[in-house]
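Visitor: Below is one structure. I have some questions about it.
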Amino acid sequence: QVQLVESGGGLVQPGGSLRLSCAGSGFTFRNYAMSWYRQAPGKERELVARISSTGGSTNYADSVKGRFTISRDNAKNTVSLQMNSLKPEDTAVYYCFWTNYASDYWGQGTQVTVSS
């Protein structure tokens with residue numbers, strides 16, 4: 001069955017960095033775009049970044065442009081999110097997401113807390 005397993009969250013001070021990773025299995029990873037979403041307390045889940053199947057195209061939320069970088073390794077079936085210059089407003093649960101347009105799949109989420 002499809003599994004998306006995130007790792008790499010934690011507590012970091014403002015201005016710091018974290019790298020999230022998501023390992024996908026149960027589908028042909030290299031054929032599909034992958035995305036990262038996040039949900040802060042009391043807010044709706046929002047798209048953070050998306051990467052095409054080959055990695056040749058990426059999209060970012062305006063709030064993270066220039067600070068976050070999404071990448072993928074199709075040989076390892078992983079997608080990563082490098083987060084730099086973190087701000088308190090980046091605090092959220094971050095989710096890996098995949099869709100085959102028939103169904104949507106989410107990882108379990110990983111908490112990122114930016115606080116001094």
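Identifiers in the structure tokens: chain A, B, ... in order shown; residue index from 1 per chain; ligand index from 1 in order shown.
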Find the residues near range 23-28 of chain A: any atom within 6 Å, counting only C-alpha atoms, skip ones fewer than 5 places away on the same chain, and give them as a PDB file with all heavy atoms, in the first residue's frame.
Guide:
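Printed below is part_17.pdb as written:
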ATOM      1  N   GLN A   1       0.839  -1.185   0.000  1.00  0.00           N
ATOM      2  CA  GLN A   1       0.000   0.000   0.000  1.00  0.00           C
ATOM      3  C   GLN A   1       0.882   1.247   0.000  1.00  0.00           C
ATOM      4  O   GLN A   1       2.061   1.158   0.281  1.00  0.00           O
ATOM      5  CB  GLN A   1      -0.928   0.029   1.227  1.00  0.00           C
ATOM      6  CG  GLN A   1      -0.259   0.453   2.522  1.00  0.00           C
ATOM      7  CD  GLN A   1       0.191  -0.701   3.365  1.00  0.00           C
ATOM      8  OE1 GLN A   1       0.462  -1.795   2.849  1.00  0.00           O
ATOM      9  NE2 GLN A   1       0.295  -0.473   4.650  1.00  0.00           N
ATOM     10  N   VAL A   2       0.265   2.374  -0.310  1.00  0.00           N
ATOM     11  CA  VAL A   2       1.008   3.625  -0.372  1.00  0.00           C
ATOM     12  C   VAL A   2       1.423   4.067   1.038  1.00  0.00           C
ATOM     13  O   VAL A   2       0.626   4.027   1.973  1.00  0.00           O
ATOM     14  CB  VAL A   2       0.169   4.734  -1.023  1.00  0.00           C
ATOM     15  CG1 VAL A   2       0.873   6.086  -0.928  1.00  0.00           C
ATOM     16  CG2 VAL A   2      -0.122   4.390  -2.482  1.00  0.00           C
ATOM     17  N   GLN A   3       2.689   4.448   1.151  1.00  0.00           N
ATOM     18  CA  GLN A   3       3.175   5.004   2.409  1.00  0.00           C
ATOM     19  C   GLN A   3       4.025   6.229   2.119  1.00  0.00           C
ATOM     20  O   GLN A   3       4.845   6.224   1.191  1.00  0.00           O
ATOM     21  CB  GLN A   3       4.005   3.989   3.187  1.00  0.00           C
ATOM     22  CG  GLN A   3       3.192   2.928   3.901  1.00  0.00           C
ATOM     23  CD  GLN A   3       4.010   2.157   4.912  1.00  0.00           C
ATOM     24  OE1 GLN A   3       5.108   1.701   4.601  1.00  0.00           O
ATOM     25  NE2 GLN A   3       3.498   2.024   6.126  1.00  0.00           N
ATOM     26  N   LEU A   4       3.815   7.257   2.917  1.00  0.00           N
ATOM     27  CA  LEU A   4       4.642   8.462   2.891  1.00  0.00           C
ATOM     28  C   LEU A   4       5.115   8.682   4.323  1.00  0.00           C
ATOM     29  O   LEU A   4       4.302   8.901   5.209  1.00  0.00           O
ATOM     30  CB  LEU A   4       3.846   9.664   2.399  1.00  0.00           C
ATOM     31  CG  LEU A   4       3.261   9.573   0.993  1.00  0.00           C
ATOM     32  CD1 LEU A   4       2.315  10.724   0.733  1.00  0.00           C
ATOM     33  CD2 LEU A   4       4.368   9.556  -0.041  1.00  0.00           C
ATOM     34  N   VAL A   5       6.404   8.618   4.532  1.00  0.00           N
ATOM     35  CA  VAL A   5       6.955   8.700   5.882  1.00  0.00           C
ATOM     36  C   VAL A   5       7.900   9.883   5.968  1.00  0.00           C
ATOM     37  O   VAL A   5       8.954   9.898   5.328  1.00  0.00           O
ATOM     38  CB  VAL A   5       7.686   7.407   6.269  1.00  0.00           C
ATOM     39  CG1 VAL A   5       8.246   7.525   7.680  1.00  0.00           C
ATOM     40  CG2 VAL A   5       6.753   6.212   6.159  1.00  0.00           C
ATOM     41  N   ASN A  77      13.566   7.293  -3.950  1.00  0.00           N
ATOM     42  CA  ASN A  77      12.142   7.532  -3.677  1.00  0.00           C
ATOM     43  C   ASN A  77      11.937   8.488  -2.508  1.00  0.00           C
ATOM     44  O   ASN A  77      11.121   8.248  -1.610  1.00  0.00           O
ATOM     45  CB  ASN A  77      11.402   6.214  -3.391  1.00  0.00           C
ATOM     46  CG  ASN A  77      11.207   5.378  -4.642  1.00  0.00           C
ATOM     47  OD1 ASN A  77      11.693   5.731  -5.715  1.00  0.00           O
ATOM     48  ND2 ASN A  77      10.548   4.253  -4.504  1.00  0.00           N
ATOM     49  N   THR A  78      12.699   9.562  -2.530  1.00  0.00           N
ATOM     50  CA  THR A  78      12.574  10.552  -1.454  1.00  0.00           C
ATOM     51  C   THR A  78      12.387  11.955  -2.020  1.00  0.00           C
ATOM     52  O   THR A  78      12.882  12.283  -3.102  1.00  0.00           O
ATOM     53  CB  THR A  78      13.811  10.555  -0.544  1.00  0.00           C
ATOM     54  OG1 THR A  78      14.979  10.823  -1.324  1.00  0.00           O
ATOM     55  CG2 THR A  78      13.981   9.225   0.171  1.00  0.00           C
TER      56      THR A  78
END
Visitor: Give me, as a count of residues only, all polymer residues having an atom no more than 9 Å from Pro41 in chain A, counting only C-alpha atoms and skipping those fewer than 4 positions away in the same chain.
Guide: 3
Visitor: Could you give me, as an MDAnalysis selection string, each residue of range 22-107 of chain A that DSSP assigns to strand (DSSP E) when run on this structure's backbone?
Guide: chainID A and resid 22:25 34:39 46:51 58:60 68:73 78:83 92:99 104:106
Visitor: Please produce a file of the residues just selected, as a short mmCIF file (atom, residue, chain, number, x, y, z; two decimals), in the first residue's frame, where the atoms kept are N, CA and C atoms.
Guide:
data_model
loop_
_atom_site.label_atom_id
_atom_site.label_comp_id
_atom_site.auth_asym_id
_atom_site.auth_seq_id
_atom_site.Cartn_x
_atom_site.Cartn_y
_atom_site.Cartn_z
N CYS A 22 10.92 12.90 3.05
CA CYS A 22 9.74 12.05 2.92
C CYS A 22 10.11 10.87 2.03
N ALA A 23 9.90 9.69 2.53
CA ALA A 23 10.15 8.47 1.76
C ALA A 23 8.82 7.91 1.28
N GLY A 24 8.71 7.74 -0.02
CA GLY A 24 7.48 7.23 -0.60
C GLY A 24 7.64 5.78 -1.03
N SER A 25 6.58 5.00 -0.86
CA SER A 25 6.58 3.61 -1.30
C SER A 25 5.16 3.20 -1.68
N MET A 34 5.44 15.63 -6.46
CA MET A 34 5.31 15.50 -5.01
C MET A 34 5.21 16.90 -4.40
N SER A 35 4.58 16.98 -3.25
CA SER A 35 4.38 18.28 -2.62
C SER A 35 4.59 18.21 -1.11
N TRP A 36 4.88 19.37 -0.55
CA TRP A 36 4.87 19.57 0.90
C TRP A 36 3.78 20.58 1.24
N TYR A 37 2.99 20.25 2.24
CA TYR A 37 1.99 21.15 2.79
C TYR A 37 2.34 21.40 4.26
N ARG A 38 1.70 22.41 4.82
CA ARG A 38 1.83 22.62 6.27
C ARG A 38 0.53 23.14 6.83
N GLN A 39 0.36 22.89 8.12
CA GLN A 39 -0.84 23.37 8.82
C GLN A 39 -0.44 23.90 10.18
N GLU A 46 -1.94 24.47 3.98
CA GLU A 46 -1.54 25.24 2.80
C GLU A 46 -0.38 24.56 2.08
N LEU A 47 -0.36 24.76 0.77
CA LEU A 47 0.73 24.23 -0.04
C LEU A 47 1.98 25.06 0.21
N VAL A 48 3.08 24.37 0.46
CA VAL A 48 4.36 25.03 0.68
C VAL A 48 5.22 24.97 -0.57
N ALA A 49 5.34 23.78 -1.14
CA ALA A 49 6.20 23.61 -2.32
C ALA A 49 5.78 22.37 -3.08
N ARG A 50 6.04 22.38 -4.37
CA ARG A 50 5.71 21.26 -5.26
C ARG A 50 6.87 21.06 -6.20
N ILE A 51 7.13 19.80 -6.54
CA ILE A 51 8.19 19.49 -7.48
C ILE A 51 7.66 18.50 -8.50
N THR A 58 9.69 23.47 -10.14
CA THR A 58 9.31 23.62 -8.74
C THR A 58 8.42 24.86 -8.58
N ASN A 59 7.57 24.81 -7.58
CA ASN A 59 6.71 25.94 -7.24
C ASN A 59 6.72 26.12 -5.73
N TYR A 60 6.63 27.37 -5.31
CA TYR A 60 6.67 27.67 -3.88
C TYR A 60 5.58 28.67 -3.49
N PHE A 68 13.08 28.36 1.24
CA PHE A 68 12.88 26.91 1.20
C PHE A 68 13.25 26.38 -0.18
N THR A 69 13.76 25.16 -0.20
CA THR A 69 14.09 24.49 -1.46
C THR A 69 13.58 23.06 -1.41
N ILE A 70 12.76 22.70 -2.40
CA ILE A 70 12.28 21.33 -2.52
C ILE A 70 13.15 20.59 -3.52
N SER A 71 13.44 19.34 -3.24
CA SER A 71 14.24 18.52 -4.14
C SER A 71 13.79 17.08 -4.03
N ARG A 72 14.24 16.24 -4.96
CA ARG A 72 13.87 14.83 -4.92
C ARG A 72 15.00 13.98 -5.42
N ASP A 73 14.99 12.73 -4.97
CA ASP A 73 15.93 11.73 -5.43
C ASP A 73 15.11 10.52 -5.86
N THR A 78 12.70 9.56 -2.53
CA THR A 78 12.57 10.55 -1.45
C THR A 78 12.39 11.96 -2.02
N VAL A 79 11.67 12.75 -1.26
CA VAL A 79 11.52 14.17 -1.55
C VAL A 79 11.89 14.92 -0.28
N SER A 80 12.61 16.01 -0.45
CA SER A 80 13.12 16.75 0.71
C SER A 80 12.71 18.21 0.65
N LEU A 81 12.71 18.84 1.80
CA LEU A 81 12.43 20.26 1.90
C LEU A 81 13.50 20.88 2.79
N GLN A 82 14.39 21.65 2.18
CA GLN A 82 15.41 22.36 2.93
C GLN A 82 14.84 23.72 3.32
N MET A 83 14.81 23.98 4.61
CA MET A 83 14.20 25.21 5.12
C MET A 83 15.28 26.04 5.82
N ALA A 92 4.55 24.86 12.27
CA ALA A 92 3.40 24.10 11.74
C ALA A 92 3.74 22.62 11.73
N VAL A 93 2.73 21.83 11.44
CA VAL A 93 2.96 20.42 11.10
C VAL A 93 3.12 20.37 9.58
N TYR A 94 4.20 19.75 9.14
CA TYR A 94 4.50 19.67 7.72
C TYR A 94 4.16 18.26 7.21
N TYR A 95 3.47 18.23 6.06
CA TYR A 95 3.00 16.97 5.50
C TYR A 95 3.53 16.77 4.09
N CYS A 96 3.93 15.57 3.82
CA CYS A 96 4.26 15.14 2.47
C CYS A 96 2.95 14.71 1.79
N PHE A 97 2.82 15.02 0.51
CA PHE A 97 1.56 14.76 -0.20
C PHE A 97 1.82 14.20 -1.58
N TRP A 98 0.99 13.20 -1.95
CA TRP A 98 1.01 12.65 -3.29
C TRP A 98 -0.41 12.39 -3.75
N THR A 99 -0.66 12.63 -5.02
CA THR A 99 -1.94 12.29 -5.59
C THR A 99 -1.74 11.63 -6.94
N ASP A 104 -5.93 10.93 -2.91
CA ASP A 104 -4.88 11.75 -2.29
C ASP A 104 -4.28 10.98 -1.12
N TYR A 105 -2.95 11.16 -0.94
CA TYR A 105 -2.26 10.47 0.14
C TYR A 105 -1.40 11.46 0.91
N TRP A 106 -1.47 11.33 2.23
CA TRP A 106 -0.73 12.22 3.12
C TRP A 106 0.19 11.41 4.03
#
Visitor: How far is it from CA of Asp90 in chain A to CA of Asp62 in chain A, in Å with one decimal?
Guide: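 Taking CA of Asp90 in chain A as the start and CA of Asp62 in chain A as the end point, the length is 12.5 Å.
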Visitor: Measure the distance from CA of Tyr32 in chain A to CA of Leu86 in chain A in Å and round it to one decimal.
Guide: 28.2 Å
Visitor: Calculate how many Å separate CA of Arg67 in chain A from CA of Gln108 in chain A, rounding to one decimal.
Guide: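 It comes out at 23.9 Å.
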Visitor: Of the candidates A:Ala33, A:Val12, A:Leu18, A:Val114, which shows the shortest atom-to-atom distance to Asn100 in chain A, using only C-alpha atoms?
Guide: A:Ala33
Visitor: Between A:Lys76, A:Lys87, A:Arg30, A:Arg19, single out the one closest to Ser53 in chain A, counting only C-alpha atoms.
Guide: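 Between A:Lys76, A:Lys87, A:Arg30, A:Arg19, the residue approaching Ser53 in chain A most closely is A:Arg30.
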Visitor: Measuring between only C-alpha atoms, which one of A:Ser57, A:Asn74, A:Ser85, A:Ser103 shows the shortest distance to Gln13 in chain A?
Guide: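 Closest residue, counting only C-alpha atoms: A:Ser85.
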